[in-house]
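What follows is a set of notes on a single structure, which appears directly below.
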Amino acid sequence: MDRVVPQAVPLGQMEVFQALQRLHMTVFSQSVSPCGKFLAAGNNYGQIAIFSLSAALSSEAKEESKKPVVTFQAHDGPVYSMVSTDRQLVSAGDGEVKAWLWAEILKKGSKELWRCQPPYRTSLEVPEINSLLLVPKENSLILAGGDCQLHTMDLETGAFTRALRGHTDYIHCLALRERSPEVLSGGEDGAVRLWDLRTAKEVQTIEVYKHEECSRPHNGRWIGCLATDSDWMILSAGQGPCVNQWQLSGELKAQVPGSSPGLLSLSLNQQPAAPECKVLTAAGNSCRVDVFTNLGYRAFSLSF
């Protein structure tokens, strides 16, 4: 597999370099393949690693089964977010979005299919893209991040069709209301904004920090994640090693410890094509991606 290493480095120094990389690694993003049998994970070095969930979950799995089947350099900086379409893996870093064909990746190819950059206000602006969201009914991709805007891209033509403005600070998360053409966004301004995709206008703003029961003056106004239409349970993670399970009533049902000191990404594999690979994966401030075969305990970890 491909690894990013300094050129002309003696073998011993190379091993030290790779060990230091793993020690200081952060996994920002994850995405499950369309077939449900593979997991992509993106780290702070711009690398994307592909893990075989089916091999790692097999009764005959070995330690090598928990290593990447392929690793490639995707971006110059961190891979902040990823999503998968029915054919493509799409990733975002500092100011750019790229795509690869899953079929080619799994053949250990890493030639990018396309790349694009949203229309920023100046050529010197290179904001991080923190969140990607697919809108299947529109065949579009929404991206948001450091320029405080939501950009909509037509996946058929590659054209950016609109920019939604309203946030006054970095946007960190997006969520789709599947029953209606609406998108929610949250960011460092402490607001959750609801956008109507038909009119491209903001229709509601929830300023969470203004509610006494939600105010956290010692932590700031930060909104880091959003979810909608959850029928039975909410999963959350962040500062600390635990995945938290919440009832919709607000009761904390369980805390399941993982291997990372802080968690930045959760992915629940619900692809119907691979029910045997239905797992929760959690990643953050380490080179490990924890795998939960049920929501009660960590079964094992994948590792870069």
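Letters A, B, ... go to the chains of the structure tokens in the order shown; residues in each chain start at 1; ligands are counted from 1 in the same order.
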
So which residues touch stretch 163-165 of chain A within 8 Å, counting only C-alpha atoms, skipping near sequence neighbours fewer than 2 positions away, as a list in words? Cys148, Gln149, Leu150, His151, Thr152, Thr161, His167, Ala200, Lys201 and Glu202 of chain A

Restricting the output to N, CA and C atoms, write the selected residues as a CSV table (one decimal), in the first residue's frame.
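Produced file part_0.csv, reproduced below:
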chain,number,residue,atom,x,y,z
A,148,CYS,N,-18.3,30.4,6.2
A,148,CYS,CA,-19.6,30.7,6.8
A,148,CYS,C,-20.7,30.6,5.8
A,149,GLN,N,-20.5,29.9,4.7
A,149,GLN,CA,-21.6,29.7,3.7
A,149,GLN,C,-21.8,28.3,3.4
A,150,LEU,N,-23.1,28.0,2.9
A,150,LEU,CA,-23.4,26.7,2.4
A,150,LEU,C,-23.4,26.8,0.9
A,151,HIS,N,-22.6,25.9,0.2
A,151,HIS,CA,-22.5,25.9,-1.2
A,151,HIS,C,-23.1,24.7,-1.8
A,152,THR,N,-23.9,24.8,-2.8
A,152,THR,CA,-24.6,23.7,-3.4
A,152,THR,C,-24.0,23.4,-4.8
A,161,THR,N,-24.4,26.0,-7.8
A,161,THR,CA,-25.7,26.6,-8.2
A,161,THR,C,-26.2,27.7,-7.3
A,167,HIS,N,-24.8,32.5,8.4
A,167,HIS,CA,-23.9,32.2,9.6
A,167,HIS,C,-22.9,33.3,9.7
A,200,ALA,N,-34.1,28.6,-1.5
A,200,ALA,CA,-32.7,29.0,-1.2
A,200,ALA,C,-32.6,30.1,-0.1
A,201,LYS,N,-33.6,30.0,0.8
A,201,LYS,CA,-33.6,31.0,1.9
A,201,LYS,C,-33.7,30.4,3.2
A,202,GLU,N,-33.2,31.1,4.2
A,202,GLU,CA,-33.3,30.7,5.6
A,202,GLU,C,-34.7,30.9,6.1

Can you pull out every residue within 7 Å of stretch 115-127 of chain A, counting only C-alpha atoms, but drop anything in the same chain fewer than 4 positions away, and send it as a list in words?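 Returned residues: Asp94, Gly95, Glu96, Val97, Lys98, Ala99, Gly145, Gly146, Asp147, His151 and Phe160 of chain A.
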
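Of the listed residues (A:Leu141, A:Cys225, A:Val203, A:Leu197), A:Leu141 comes nearest to A:Asp154; the distances count only C-alpha atoms.
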
8 Å contact set for stretch 17-25 of chain A, only C-alpha atoms, chain neighbours under 6 positions out, as a ChimeraX atom specification: /A:5,43-45,285-287,304

Counting only C-alpha atoms, the option among A:Leu194, A:Ile48, A:Val27, A:Leu113 closest to A:Glu207: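 Once distances to A:Glu207 are computed over only C-alpha atoms, the minimum belongs to A:Leu194.
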
Separation of atom CA of A:Glu182 and atom CA of A:Gln245, in Å?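 Straight-line distance from atom CA of A:Glu182 to atom CA of A:Gln245 works out to 26.4 Å.
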
Check the DSSP output for the backbone and give back, as a count of residues only, the residues of stretch 21-209 of chain A in strand (DSSP E). 90

Among the residues A:Thr281, A:Ser215, A:Ser303, A:Ser91, the one that comes closest to A:Leu132 [using only C-alpha atoms]: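 The answer is A:Ser91, which sits nearest to A:Leu132.
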
Fewer than 3 positions away in the same chain doesn't count, so skip those; otherwise give me all residues within 12 Å of stretch 71-74 of chain A, counting only C-alpha atoms, as a VMD selection string. chain A and resid 1 to 5 39 to 51 67 to 68 77 to 82 89 to 94 96 to 100 105 to 115 303 to 304

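The space between atom CA of A:Val291 and atom CA of A:Ala144 spans 27.9 Å.
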
Have a look at A:Asn244, A:Ser265, A:Ser259, A:Gln270 and name the one nearest to A:Lys37; count only C-alpha atoms. A:Gln270

Nearest to A:Arg298 among A:Ser260, A:Gln271, A:Arg198, A:Gln88, with distances taken over only C-alpha atoms: which residue is it?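 Comparing A:Ser260, A:Gln271, A:Arg198, A:Gln88 against A:Arg298, the winner is A:Ser260.
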
Kindly indicate which residue among A:Gly187, A:Pro136, A:Gly258, A:Pro272 lies nearest to A:Asp290, using only C-alpha atoms for the distances. A:Gly258
